[in-house]
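Chemist: This structure is in structure tokens; I'll ask about it shortly.
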Amino acid sequence: MKTQSTLQRTLQALFITGIAIFALTPAFAQDLVKVTTDKRFEKRSPPNVVPGERSWVLQERTLPVPAAASEALRDSIAKAPQPDVARSQGTTFQTNEEWVKYIRAADEAAIAAVKPLAERLKVTIKEETIAGVTVFRVTPANINPVNIKRLFVHAHGGAYTFNAGRAGLTEAILIADRAGIPVISVDYHMPPEYPFPAAIDDVVAVWSSLIKDRDPKSMALGGTSAGGGLILASTHKFKELGLALPGALFAGTPWADLTKTGDSYFLNEGVDIILVSYEGILEGSAKLYAGNIELTDPMISPVYGDFKGFPPTYLVSGTRDMFLSNTARTHRKLRTAGVEADLNVYESFSHGDYLKVIDSPESQQVFAELGAFLLKYLK
């Protein structure tokens with residue numbers, strides 16, 4: 001159990017969520033680039049308030065450690081420092097060189113946690129190339145016999161800028177092990193060198209190659225955060241191109257809207273331990289990824305697209321997740337379009353906590369129910 005507890009501490013210390021290594025923001029960035037702090041961030045009016053509009057100003061409140069969460073999740077929350085919103089909002093980069101320096105350091109920290117997790121779960125990882133795109137084939141020690149000919153195609157998270165290479169494999173390892181299914185994780189190109197549409201182009205290329213030899217309904221497509229947003233946007237693209245769609249989707253707290261739209265962007269600012277605030281790294285990553293394309297373009301923010309004909313979709317979020325509104329809005333779009341969609345909201349989860357507090361009952365439930373969902377809908 002010593003190895004397990006050491007790994008857990010490493011994951012928590014680094015915030016290796018498979019999505020948000022960038023949550024290390026302020027303290028981590030201080031040694032890499034100048035962190036901008038400004039007194040106007042300390043006490044100011046609510047952001048994005050348009051003069052003349054009716055808005056509520058919420059008073060300061062005390063948020064206790066959640067009594068209804070599991071002991072493991074409560075312990076993780078109790079040990080975490082309160083997020084510093086002002087410093088998070090002040091963490092910005094002015095040049096591509098500054099971005100690259102920060103991204104590479106963050107990715108190196110993430111990679112350090114991947115190997116011990118794979119060894120602990122006895123998952124094998126093999127780097128390959130499909131249609132000119134680097135992928136990682138992640139194979140669990142025990143494949144559910146029903147899943148031997150099935151495949152989970154994974155897109156990692158990280159705000160479209162972080163978790164390149166093996167740094168993005170935490171979630172793929174957990175899915176492979178806990179759902180008992182082979183996984184191919186797409187190492188898609190990212191900014192600043194490769195902004196939109198490079199990521200979608202890579203997913204389309206891999207998917208187009210896979211469906212030549214496999215029944216598309218035997219494969220699922222999924223990921224968390226930017227990975228969840230990317231699989232939704234890619235599915236829009238599949239429809240546009242007339243490609244066969246997957247048998248099921250997994251949208252874990254998807255970054256479905258890259259603009260600051262939705263209650264939880266405001267209500268959970270400073271509550272979400274991982275994301276902390278939209279301003280800062282998250283907003284900067286959105287602009288870096290989109291380039292000159294409007295953030296409300298459905299291929300950038302898939303919640304604005306047409307979900308008619310989408311595959312059955314399994315969604316996960318939490319009450320402290322800044323992307324709770326993204327997840328809820330995506331669920332509503334799916335259901336309005338007549339799509340089977342299973343929305344799961346966990347008490348006290350910050351963004352992607354099921355990839356951080358991996359031994360909690362909540363995390364185990366997420367992947368157990370994902371596995372059951374795949375068994376139900378994949379051929």
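Residues in the structure tokens are numbered from 1 in each chain, the chains being A, B, ... in the order shown, and ligands are numbered from 1 in the order shown.
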Kindly provide the residues of range 160-236 of chain A that approach range 98-108 of chain A to within 9 Å, each paired with its closest atom pair and their distance in Å to one decimal, based on only C-alpha atoms, listed by chain and increasing number, as a Markdown table.
Modeler:
```
| residue | atom | partner | partner_atom | distance |
| --- | --- | --- | --- | --- |
| A:Thr161 | CA | A:Ile103 | CA | 7.2 |
| A:Phe162 | CA | A:Ile103 | CA | 5.9 |
| A:Asn163 | CA | A:Asp107 | CA | 5.4 |
| A:Ala164 | CA | A:Asp107 | CA | 6.8 |
| A:Gly165 | CA | A:Asp107 | CA | 8.5 |
| A:Arg166 | CA | A:Asp107 | CA | 8.5 |
| A:Ala167 | CA | A:Asp107 | CA | 5.5 |
| A:Gly168 | CA | A:Asp107 | CA | 8.3 |
| A:Pro191 | CA | A:Val100 | CA | 8.9 |
| A:Pro192 | CA | A:Val100 | CA | 7.5 |
```
Chemist: Tell me which protein, DNA and RNA residues are within 9 Å of Trp255 in chain A, counting only C-alpha atoms, leaving out same-chain ones fewer than 2 positions away, and put them as a PyMOL selection string.
Modeler: chain A and resi 159+224-230+252-253+257-258+301-303+323+326-327
Chemist: Within 10 Å of Asp321 in chain A, counting only C-alpha atoms, which residues qualify if same-chain residues fewer than 3 places away don't, as a list in words?
Modeler: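 In the requested form, the answer reads Thr253, Ser264, Tyr265, Leu267, Asn268, Glu269, Val271, Asp272, Ile273, Ile274, Leu275, Val276, Ser317, Gly318, Leu324, Ser325, Asn326, Thr327, Val345, Tyr346, Glu347, Ser348, Phe349, Ser350, His351, Gly352 and Asp353 of chain A.
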Chemist: Interatomic distance between CA of Lys308 in chain A and CA of Arg214 in chain A?
Modeler: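 The value is 23.7 Å.
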Chemist: Near Gly338 in chain A, counting only C-alpha atoms, which residues have an atom at most 10 Å away, once you skip same-chain residues fewer than 3 positions from it, shown as a PyMOL selection string?
Modeler: chain A and resi 307-310+312+332-335+341
Chemist: For those residues, write C-alpha atoms to a file as an mmCIF file, in the first residue's frame.
Modeler:
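part07.cif written:
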```cif
data_model
loop_
_atom_site.group_PDB
_atom_site.id
_atom_site.type_symbol
_atom_site.label_atom_id
_atom_site.label_comp_id
_atom_site.auth_asym_id
_atom_site.auth_seq_id
_atom_site.Cartn_x
_atom_site.Cartn_y
_atom_site.Cartn_z
ATOM 1 C CA PHE A 307 -26.374 17.473 -31.869
ATOM 2 C CA LYS A 308 -28.972 15.658 -33.925
ATOM 3 C CA GLY A 309 -27.865 12.087 -34.613
ATOM 4 C CA PHE A 310 -25.083 12.087 -31.999
ATOM 5 C CA PRO A 312 -25.318 7.948 -26.796
ATOM 6 C CA ARG A 332 -29.599 19.632 -22.588
ATOM 7 C CA LYS A 333 -28.511 20.049 -26.230
ATOM 8 C CA LEU A 334 -28.161 16.298 -26.567
ATOM 9 C CA ARG A 335 -31.535 15.542 -24.976
ATOM 10 C CA ALA A 341 -27.420 11.128 -22.656
#
```
Chemist: Taking the DSSP secondary structure from the backbone, can you list the residues of range 61-207 of chain A that are strand (DSSP E), as a ChimeraX atom specification?
Modeler: /A:124-130,133-139,151-155,183-186
Chemist: Atoms to include: N, CA and C atoms. Write the selected residues as a PDB file, in the first residue's frame.
Modeler:
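Wrote it out as part.pdb, contents follow:
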```pdb
ATOM      1  N   THR A 124       0.047  -1.613 -20.152  1.00  0.00           N
ATOM      2  CA  THR A 124       1.160  -1.427 -21.083  1.00  0.00           C
ATOM      3  C   THR A 124       0.857  -0.273 -22.038  1.00  0.00           C
ATOM      4  N   ILE A 125       1.920   0.445 -22.413  1.00  0.00           N
ATOM      5  CA  ILE A 125       1.780   1.604 -23.290  1.00  0.00           C
ATOM      6  C   ILE A 125       2.741   1.441 -24.461  1.00  0.00           C
ATOM      7  N   LYS A 126       2.208   1.578 -25.669  1.00  0.00           N
ATOM      8  CA  LYS A 126       3.028   1.444 -26.865  1.00  0.00           C
ATOM      9  C   LYS A 126       2.761   2.625 -27.787  1.00  0.00           C
ATOM     10  N   GLU A 127       3.816   3.308 -28.184  1.00  0.00           N
ATOM     11  CA  GLU A 127       3.671   4.446 -29.093  1.00  0.00           C
ATOM     12  C   GLU A 127       3.614   3.958 -30.533  1.00  0.00           C
ATOM     13  N   GLU A 128       2.647   4.485 -31.287  1.00  0.00           N
ATOM     14  CA  GLU A 128       2.465   4.096 -32.677  1.00  0.00           C
ATOM     15  C   GLU A 128       2.135   5.335 -33.509  1.00  0.00           C
ATOM     16  N   THR A 129       1.950   5.129 -34.804  1.00  0.00           N
ATOM     17  CA  THR A 129       1.511   6.195 -35.703  1.00  0.00           C
ATOM     18  C   THR A 129       0.339   5.694 -36.526  1.00  0.00           C
ATOM     19  N   ILE A 130      -0.728   6.461 -36.561  1.00  0.00           N
ATOM     20  CA  ILE A 130      -1.898   6.150 -37.380  1.00  0.00           C
ATOM     21  C   ILE A 130      -2.192   7.363 -38.253  1.00  0.00           C
ATOM     22  N   VAL A 133      -0.373  10.460 -37.488  1.00  0.00           N
ATOM     23  CA  VAL A 133      -0.591  11.060 -36.172  1.00  0.00           C
ATOM     24  C   VAL A 133      -0.044  10.129 -35.090  1.00  0.00           C
ATOM     25  N   THR A 134       0.695  10.672 -34.149  1.00  0.00           N
ATOM     26  CA  THR A 134       1.196   9.865 -33.040  1.00  0.00           C
ATOM     27  C   THR A 134       0.044   9.483 -32.114  1.00  0.00           C
ATOM     28  N   VAL A 135      -0.004   8.203 -31.774  1.00  0.00           N
ATOM     29  CA  VAL A 135      -1.005   7.709 -30.825  1.00  0.00           C
ATOM     30  C   VAL A 135      -0.304   6.803 -29.828  1.00  0.00           C
ATOM     31  N   PHE A 136      -0.983   6.567 -28.709  1.00  0.00           N
ATOM     32  CA  PHE A 136      -0.482   5.630 -27.703  1.00  0.00           C
ATOM     33  C   PHE A 136      -1.524   4.534 -27.511  1.00  0.00           C
ATOM     34  N   ARG A 137      -1.094   3.299 -27.736  1.00  0.00           N
ATOM     35  CA  ARG A 137      -1.977   2.158 -27.522  1.00  0.00           C
ATOM     36  C   ARG A 137      -1.825   1.718 -26.055  1.00  0.00           C
ATOM     37  N   VAL A 138      -2.892   1.849 -25.306  1.00  0.00           N
ATOM     38  CA  VAL A 138      -2.882   1.563 -23.871  1.00  0.00           C
ATOM     39  C   VAL A 138      -3.705   0.296 -23.646  1.00  0.00           C
ATOM     40  N   THR A 139      -3.047  -0.750 -23.140  1.00  0.00           N
ATOM     41  CA  THR A 139      -3.690  -2.060 -23.018  1.00  0.00           C
ATOM     42  C   THR A 139      -3.720  -2.504 -21.560  1.00  0.00           C
ATOM     43  N   LEU A 151     -12.834  -0.860 -28.937  1.00  0.00           N
ATOM     44  CA  LEU A 151     -11.745   0.104 -28.773  1.00  0.00           C
ATOM     45  C   LEU A 151     -12.299   1.424 -28.242  1.00  0.00           C
ATOM     46  N   PHE A 152     -11.559   2.013 -27.327  1.00  0.00           N
ATOM     47  CA  PHE A 152     -11.880   3.354 -26.831  1.00  0.00           C
ATOM     48  C   PHE A 152     -10.850   4.315 -27.403  1.00  0.00           C
ATOM     49  N   VAL A 153     -11.299   5.275 -28.199  1.00  0.00           N
ATOM     50  CA  VAL A 153     -10.413   6.279 -28.787  1.00  0.00           C
ATOM     51  C   VAL A 153     -10.441   7.506 -27.886  1.00  0.00           C
ATOM     52  N   HIS A 154      -9.295   7.858 -27.333  1.00  0.00           N
ATOM     53  CA  HIS A 154      -9.199   8.858 -26.271  1.00  0.00           C
ATOM     54  C   HIS A 154      -8.538  10.146 -26.744  1.00  0.00           C
ATOM     55  N   ALA A 155      -9.080  11.267 -26.280  1.00  0.00           N
ATOM     56  CA  ALA A 155      -8.455  12.573 -26.494  1.00  0.00           C
ATOM     57  C   ALA A 155      -8.161  13.181 -25.129  1.00  0.00           C
ATOM     58  N   VAL A 183      -7.356   0.972 -25.324  1.00  0.00           N
ATOM     59  CA  VAL A 183      -7.499   2.404 -25.586  1.00  0.00           C
ATOM     60  C   VAL A 183      -6.428   2.860 -26.565  1.00  0.00           C
ATOM     61  N   ILE A 184      -6.820   3.707 -27.497  1.00  0.00           N
ATOM     62  CA  ILE A 184      -5.856   4.427 -28.323  1.00  0.00           C
ATOM     63  C   ILE A 184      -6.003   5.904 -27.984  1.00  0.00           C
ATOM     64  N   SER A 185      -4.945   6.496 -27.452  1.00  0.00           N
ATOM     65  CA  SER A 185      -4.966   7.911 -27.076  1.00  0.00           C
ATOM     66  C   SER A 185      -4.279   8.731 -28.158  1.00  0.00           C
ATOM     67  N   VAL A 186      -4.989   9.713 -28.678  1.00  0.00           N
ATOM     68  CA  VAL A 186      -4.490  10.527 -29.792  1.00  0.00           C
ATOM     69  C   VAL A 186      -3.639  11.679 -29.263  1.00  0.00           C
TER      70      VAL A 186
END
```
Chemist: Which value, in Å to one decimal, gives the distance between CA of Ala109 in chain A and CA of Asp187 in chain A?
Modeler: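 CA of Ala109 in chain A sits 17.3 Å away from CA of Asp187 in chain A.
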Chemist: Between A:Val85, A:Val146, A:Ala199, A:Ala112, which one has atoms that come closest to Ser218 in chain A, using only C-alpha atoms?
Modeler: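 Once distances to Ser218 in chain A are computed over only C-alpha atoms, the minimum belongs to A:Val146.
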Chemist: How many Å lie between CA of Gly247 in chain A and CA of Gly262 in chain A, rounded to one decimal?
Modeler: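 Separation between CA of Gly247 in chain A and CA of Gly262 in chain A: 29.2 Å.
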Chemist: Could you pull the residues within 7 Å of range 59-66 of chain A, counting only C-alpha atoms, minus those fewer than 4 positions along the same chain, as a PyMOL selection string?
Modeler: chain A and resi 74+77-78+348
Chemist: Pull the alpha helix (DSSP H) assignments for range 133-309 of chain A out of DSSP run on the backbone, and list those residues as a PDB file with N, CA and C atoms, in the first residue's frame.
Modeler:
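Result file follows (states.pdb):
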```pdb
ATOM      1  N   THR A 170      -2.812   9.807 -18.228  1.00  0.00           N
ATOM      2  CA  THR A 170      -3.407   9.402 -16.953  1.00  0.00           C
ATOM      3  C   THR A 170      -4.812   8.853 -17.147  1.00  0.00           C
ATOM      4  N   GLU A 171      -5.650   9.608 -17.849  1.00  0.00           N
ATOM      5  CA  GLU A 171      -7.026   9.179 -18.045  1.00  0.00           C
ATOM      6  C   GLU A 171      -7.122   7.932 -18.906  1.00  0.00           C
ATOM      7  N   ALA A 172      -6.319   7.849 -19.945  1.00  0.00           N
ATOM      8  CA  ALA A 172      -6.340   6.673 -20.820  1.00  0.00           C
ATOM      9  C   ALA A 172      -6.000   5.405 -20.035  1.00  0.00           C
ATOM     10  N   ILE A 173      -5.052   5.516 -19.116  1.00  0.00           N
ATOM     11  CA  ILE A 173      -4.669   4.377 -18.279  1.00  0.00           C
ATOM     12  C   ILE A 173      -5.832   3.952 -17.391  1.00  0.00           C
ATOM     13  N   LEU A 174      -6.501   4.923 -16.776  1.00  0.00           N
ATOM     14  CA  LEU A 174      -7.617   4.603 -15.880  1.00  0.00           C
ATOM     15  C   LEU A 174      -8.787   3.993 -16.646  1.00  0.00           C
ATOM     16  N   ILE A 175      -9.096   4.521 -17.819  1.00  0.00           N
ATOM     17  CA  ILE A 175     -10.187   3.961 -18.624  1.00  0.00           C
ATOM     18  C   ILE A 175      -9.862   2.530 -19.025  1.00  0.00           C
ATOM     19  N   ALA A 176      -8.641   2.320 -19.501  1.00  0.00           N
ATOM     20  CA  ALA A 176      -8.250   0.975 -19.932  1.00  0.00           C
ATOM     21  C   ALA A 176      -8.378  -0.020 -18.789  1.00  0.00           C
ATOM     22  N   ASP A 177      -7.863   0.352 -17.624  1.00  0.00           N
ATOM     23  CA  ASP A 177      -7.871  -0.568 -16.480  1.00  0.00           C
ATOM     24  C   ASP A 177      -9.269  -0.766 -15.911  1.00  0.00           C
ATOM     25  N   ARG A 178      -9.973   0.315 -15.649  1.00  0.00           N
ATOM     26  CA  ARG A 178     -11.244   0.209 -14.917  1.00  0.00           C
ATOM     27  C   ARG A 178     -12.412  -0.196 -15.804  1.00  0.00           C
ATOM     28  N   ALA A 179     -12.338   0.117 -17.097  1.00  0.00           N
ATOM     29  CA  ALA A 179     -13.401  -0.318 -18.005  1.00  0.00           C
ATOM     30  C   ALA A 179     -13.030  -1.605 -18.721  1.00  0.00           C
ATOM     31  N   ALA A 198      -5.854  22.046 -36.087  1.00  0.00           N
ATOM     32  CA  ALA A 198      -4.916  20.918 -36.088  1.00  0.00           C
ATOM     33  C   ALA A 198      -5.411  19.752 -35.238  1.00  0.00           C
ATOM     34  N   ALA A 199      -5.952  20.035 -34.046  1.00  0.00           N
ATOM     35  CA  ALA A 199      -6.400  18.958 -33.158  1.00  0.00           C
ATOM     36  C   ALA A 199      -7.537  18.146 -33.790  1.00  0.00           C
ATOM     37  N   ILE A 200      -8.535  18.842 -34.336  1.00  0.00           N
ATOM     38  CA  ILE A 200      -9.647  18.138 -34.981  1.00  0.00           C
ATOM     39  C   ILE A 200      -9.158  17.378 -36.203  1.00  0.00           C
ATOM     40  N   ASP A 201      -8.272  17.969 -36.974  1.00  0.00           N
ATOM     41  CA  ASP A 201      -7.734  17.285 -38.158  1.00  0.00           C
ATOM     42  C   ASP A 201      -7.071  15.970 -37.766  1.00  0.00           C
ATOM     43  N   ASP A 202      -6.338  15.965 -36.648  1.00  0.00           N
ATOM     44  CA  ASP A 202      -5.675  14.741 -36.196  1.00  0.00           C
ATOM     45  C   ASP A 202      -6.683  13.676 -35.775  1.00  0.00           C
ATOM     46  N   VAL A 203      -7.715  14.085 -35.028  1.00  0.00           N
ATOM     47  CA  VAL A 203      -8.737  13.121 -34.615  1.00  0.00           C
ATOM     48  C   VAL A 203      -9.457  12.566 -35.829  1.00  0.00           C
ATOM     49  N   VAL A 204      -9.792  13.419 -36.792  1.00  0.00           N
ATOM     50  CA  VAL A 204     -10.458  12.964 -38.017  1.00  0.00           C
ATOM     51  C   VAL A 204      -9.577  11.987 -38.778  1.00  0.00           C
ATOM     52  N   ALA A 205      -8.282  12.271 -38.865  1.00  0.00           N
ATOM     53  CA  ALA A 205      -7.365  11.389 -39.589  1.00  0.00           C
ATOM     54  C   ALA A 205      -7.291  10.014 -38.939  1.00  0.00           C
ATOM     55  N   VAL A 206      -7.158   9.993 -37.609  1.00  0.00           N
ATOM     56  CA  VAL A 206      -7.086   8.713 -36.896  1.00  0.00           C
ATOM     57  C   VAL A 206      -8.403   7.954 -37.034  1.00  0.00           C
ATOM     58  N   TRP A 207      -9.519   8.663 -36.834  1.00  0.00           N
ATOM     59  CA  TRP A 207     -10.826   8.015 -36.913  1.00  0.00           C
ATOM     60  C   TRP A 207     -11.085   7.460 -38.321  1.00  0.00           C
ATOM     61  N   SER A 208     -10.754   8.236 -39.346  1.00  0.00           N
ATOM     62  CA  SER A 208     -10.963   7.789 -40.727  1.00  0.00           C
ATOM     63  C   SER A 208     -10.176   6.527 -41.026  1.00  0.00           C
ATOM     64  N   SER A 209      -8.990   6.417 -40.453  1.00  0.00           N
ATOM     65  CA  SER A 209      -8.169   5.223 -40.655  1.00  0.00           C
ATOM     66  C   SER A 209      -8.744   4.024 -39.906  1.00  0.00           C
ATOM     67  N   LEU A 210      -9.180   4.241 -38.666  1.00  0.00           N
ATOM     68  CA  LEU A 210      -9.687   3.133 -37.848  1.00  0.00           C
ATOM     69  C   LEU A 210     -10.954   2.525 -38.420  1.00  0.00           C
ATOM     70  N   ALA A 226     -10.749  19.661 -22.167  1.00  0.00           N
ATOM     71  CA  ALA A 226     -10.527  19.940 -23.576  1.00  0.00           C
ATOM     72  C   ALA A 226     -10.683  18.669 -24.400  1.00  0.00           C
ATOM     73  N   GLY A 227     -10.318  17.524 -23.813  1.00  0.00           N
ATOM     74  CA  GLY A 227     -10.520  16.254 -24.516  1.00  0.00           C
ATOM     75  C   GLY A 227     -11.988  15.990 -24.778  1.00  0.00           C
ATOM     76  N   GLY A 228     -12.836  16.307 -23.778  1.00  0.00           N
ATOM     77  CA  GLY A 228     -14.277  16.149 -23.963  1.00  0.00           C
ATOM     78  C   GLY A 228     -14.812  17.112 -25.002  1.00  0.00           C
ATOM     79  N   GLY A 229     -14.329  18.368 -24.962  1.00  0.00           N
ATOM     80  CA  GLY A 229     -14.739  19.328 -25.976  1.00  0.00           C
ATOM     81  C   GLY A 229     -14.290  18.906 -27.361  1.00  0.00           C
ATOM     82  N   LEU A 230     -13.079  18.358 -27.452  1.00  0.00           N
ATOM     83  CA  LEU A 230     -12.538  17.952 -28.747  1.00  0.00           C
ATOM     84  C   LEU A 230     -13.318  16.796 -29.353  1.00  0.00           C
ATOM     85  N   ILE A 231     -13.735  15.841 -28.525  1.00  0.00           N
ATOM     86  CA  ILE A 231     -14.483  14.715 -29.104  1.00  0.00           C
ATOM     87  C   ILE A 231     -15.876  15.168 -29.557  1.00  0.00           C
ATOM     88  N   LEU A 232     -16.455  16.139 -28.864  1.00  0.00           N
ATOM     89  CA  LEU A 232     -17.752  16.669 -29.304  1.00  0.00           C
ATOM     90  C   LEU A 232     -17.597  17.441 -30.612  1.00  0.00           C
ATOM     91  N   ALA A 233     -16.570  18.295 -30.681  1.00  0.00           N
ATOM     92  CA  ALA A 233     -16.324  19.052 -31.909  1.00  0.00           C
ATOM     93  C   ALA A 233     -15.972  18.112 -33.063  1.00  0.00           C
ATOM     94  N   SER A 234     -15.197  17.072 -32.768  1.00  0.00           N
ATOM     95  CA  SER A 234     -14.817  16.119 -33.818  1.00  0.00           C
ATOM     96  C   SER A 234     -16.036  15.362 -34.341  1.00  0.00           C
ATOM     97  N   THR A 235     -16.971  15.065 -33.441  1.00  0.00           N
ATOM     98  CA  THR A 235     -18.190  14.387 -33.882  1.00  0.00           C
ATOM     99  C   THR A 235     -19.011  15.298 -34.790  1.00  0.00           C
ATOM    100  N   HIS A 236     -19.055  16.594 -34.471  1.00  0.00           N
ATOM    101  CA  HIS A 236     -19.669  17.550 -35.410  1.00  0.00           C
ATOM    102  C   HIS A 236     -18.983  17.460 -36.778  1.00  0.00           C
ATOM    103  N   LYS A 237     -17.662  17.366 -36.751  1.00  0.00           N
ATOM    104  CA  LYS A 237     -16.896  17.307 -37.998  1.00  0.00           C
ATOM    105  C   LYS A 237     -17.167  16.001 -38.740  1.00  0.00           C
ATOM    106  N   PHE A 238     -17.261  14.883 -38.017  1.00  0.00           N
ATOM    107  CA  PHE A 238     -17.590  13.604 -38.655  1.00  0.00           C
ATOM    108  C   PHE A 238     -18.907  13.724 -39.418  1.00  0.00           C
ATOM    109  N   LYS A 239     -19.894  14.344 -38.774  1.00  0.00           N
ATOM    110  CA  LYS A 239     -21.202  14.524 -39.420  1.00  0.00           C
ATOM    111  C   LYS A 239     -21.061  15.371 -40.684  1.00  0.00           C
ATOM    112  N   GLU A 240     -20.299  16.441 -40.581  1.00  0.00           N
ATOM    113  CA  GLU A 240     -20.103  17.329 -41.732  1.00  0.00           C
ATOM    114  C   GLU A 240     -19.456  16.600 -42.895  1.00  0.00           C
ATOM    115  N   LEU A 241     -18.519  15.700 -42.573  1.00  0.00           N
ATOM    116  CA  LEU A 241     -17.781  14.965 -43.608  1.00  0.00           C
ATOM    117  C   LEU A 241     -18.487  13.694 -44.060  1.00  0.00           C
ATOM    118  N   ASP A 263     -23.501  29.808 -15.550  1.00  0.00           N
ATOM    119  CA  ASP A 263     -23.456  30.158 -14.124  1.00  0.00           C
ATOM    120  C   ASP A 263     -22.188  29.681 -13.432  1.00  0.00           C
ATOM    121  N   SER A 264     -21.770  28.442 -13.703  1.00  0.00           N
ATOM    122  CA  SER A 264     -20.687  27.866 -12.910  1.00  0.00           C
ATOM    123  C   SER A 264     -19.345  28.539 -13.155  1.00  0.00           C
ATOM    124  N   TYR A 265     -19.178  29.225 -14.307  1.00  0.00           N
ATOM    125  CA  TYR A 265     -17.961  30.006 -14.511  1.00  0.00           C
ATOM    126  C   TYR A 265     -17.836  31.079 -13.428  1.00  0.00           C
ATOM    127  N   PHE A 266     -18.979  31.574 -12.949  1.00  0.00           N
ATOM    128  CA  PHE A 266     -18.991  32.642 -11.951  1.00  0.00           C
ATOM    129  C   PHE A 266     -19.152  32.081 -10.535  1.00  0.00           C
ATOM    130  N   LEU A 267     -20.104  31.159 -10.367  1.00  0.00           N
ATOM    131  CA  LEU A 267     -20.385  30.633  -9.032  1.00  0.00           C
ATOM    132  C   LEU A 267     -19.232  29.817  -8.467  1.00  0.00           C
ATOM    133  N   ILE A 281      -4.731  31.574 -17.304  1.00  0.00           N
ATOM    134  CA  ILE A 281      -4.297  30.480 -18.174  1.00  0.00           C
ATOM    135  C   ILE A 281      -5.424  29.967 -19.062  1.00  0.00           C
ATOM    136  N   LEU A 282      -6.610  29.799 -18.506  1.00  0.00           N
ATOM    137  CA  LEU A 282      -7.713  29.220 -19.266  1.00  0.00           C
ATOM    138  C   LEU A 282      -8.121  30.121 -20.427  1.00  0.00           C
ATOM    139  N   GLU A 283      -8.339  31.385 -20.135  1.00  0.00           N
ATOM    140  CA  GLU A 283      -8.704  32.332 -21.195  1.00  0.00           C
ATOM    141  C   GLU A 283      -7.585  32.456 -22.229  1.00  0.00           C
ATOM    142  N   GLY A 284      -6.348  32.509 -21.742  1.00  0.00           N
ATOM    143  CA  GLY A 284      -5.219  32.598 -22.657  1.00  0.00           C
ATOM    144  C   GLY A 284      -5.125  31.387 -23.567  1.00  0.00           C
ATOM    145  N   SER A 285      -5.375  30.197 -23.010  1.00  0.00           N
ATOM    146  CA  SER A 285      -5.337  28.968 -23.807  1.00  0.00           C
ATOM    147  C   SER A 285      -6.434  28.958 -24.856  1.00  0.00           C
ATOM    148  N   ALA A 286      -7.622  29.457 -24.482  1.00  0.00           N
ATOM    149  CA  ALA A 286      -8.739  29.508 -25.429  1.00  0.00           C
ATOM    150  C   ALA A 286      -8.375  30.360 -26.644  1.00  0.00           C
ATOM    151  N   LYS A 287      -7.792  31.515 -26.389  1.00  0.00           N
ATOM    152  CA  LYS A 287      -7.429  32.411 -27.480  1.00  0.00           C
ATOM    153  C   LYS A 287      -6.267  31.846 -28.293  1.00  0.00           C
ATOM    154  N   LEU A 288      -5.333  31.183 -27.609  1.00  0.00           N
ATOM    155  CA  LEU A 288      -4.192  30.587 -28.298  1.00  0.00           C
ATOM    156  C   LEU A 288      -4.659  29.479 -29.234  1.00  0.00           C
ATOM    157  N   TYR A 289      -5.620  28.690 -28.766  1.00  0.00           N
ATOM    158  CA  TYR A 289      -6.139  27.575 -29.566  1.00  0.00           C
ATOM    159  C   TYR A 289      -6.958  28.072 -30.747  1.00  0.00           C
ATOM    160  N   ALA A 290      -7.863  29.032 -30.505  1.00  0.00           N
ATOM    161  CA  ALA A 290      -8.798  29.470 -31.543  1.00  0.00           C
ATOM    162  C   ALA A 290      -8.146  30.343 -32.605  1.00  0.00           C
TER     163      ALA A 290
END
```
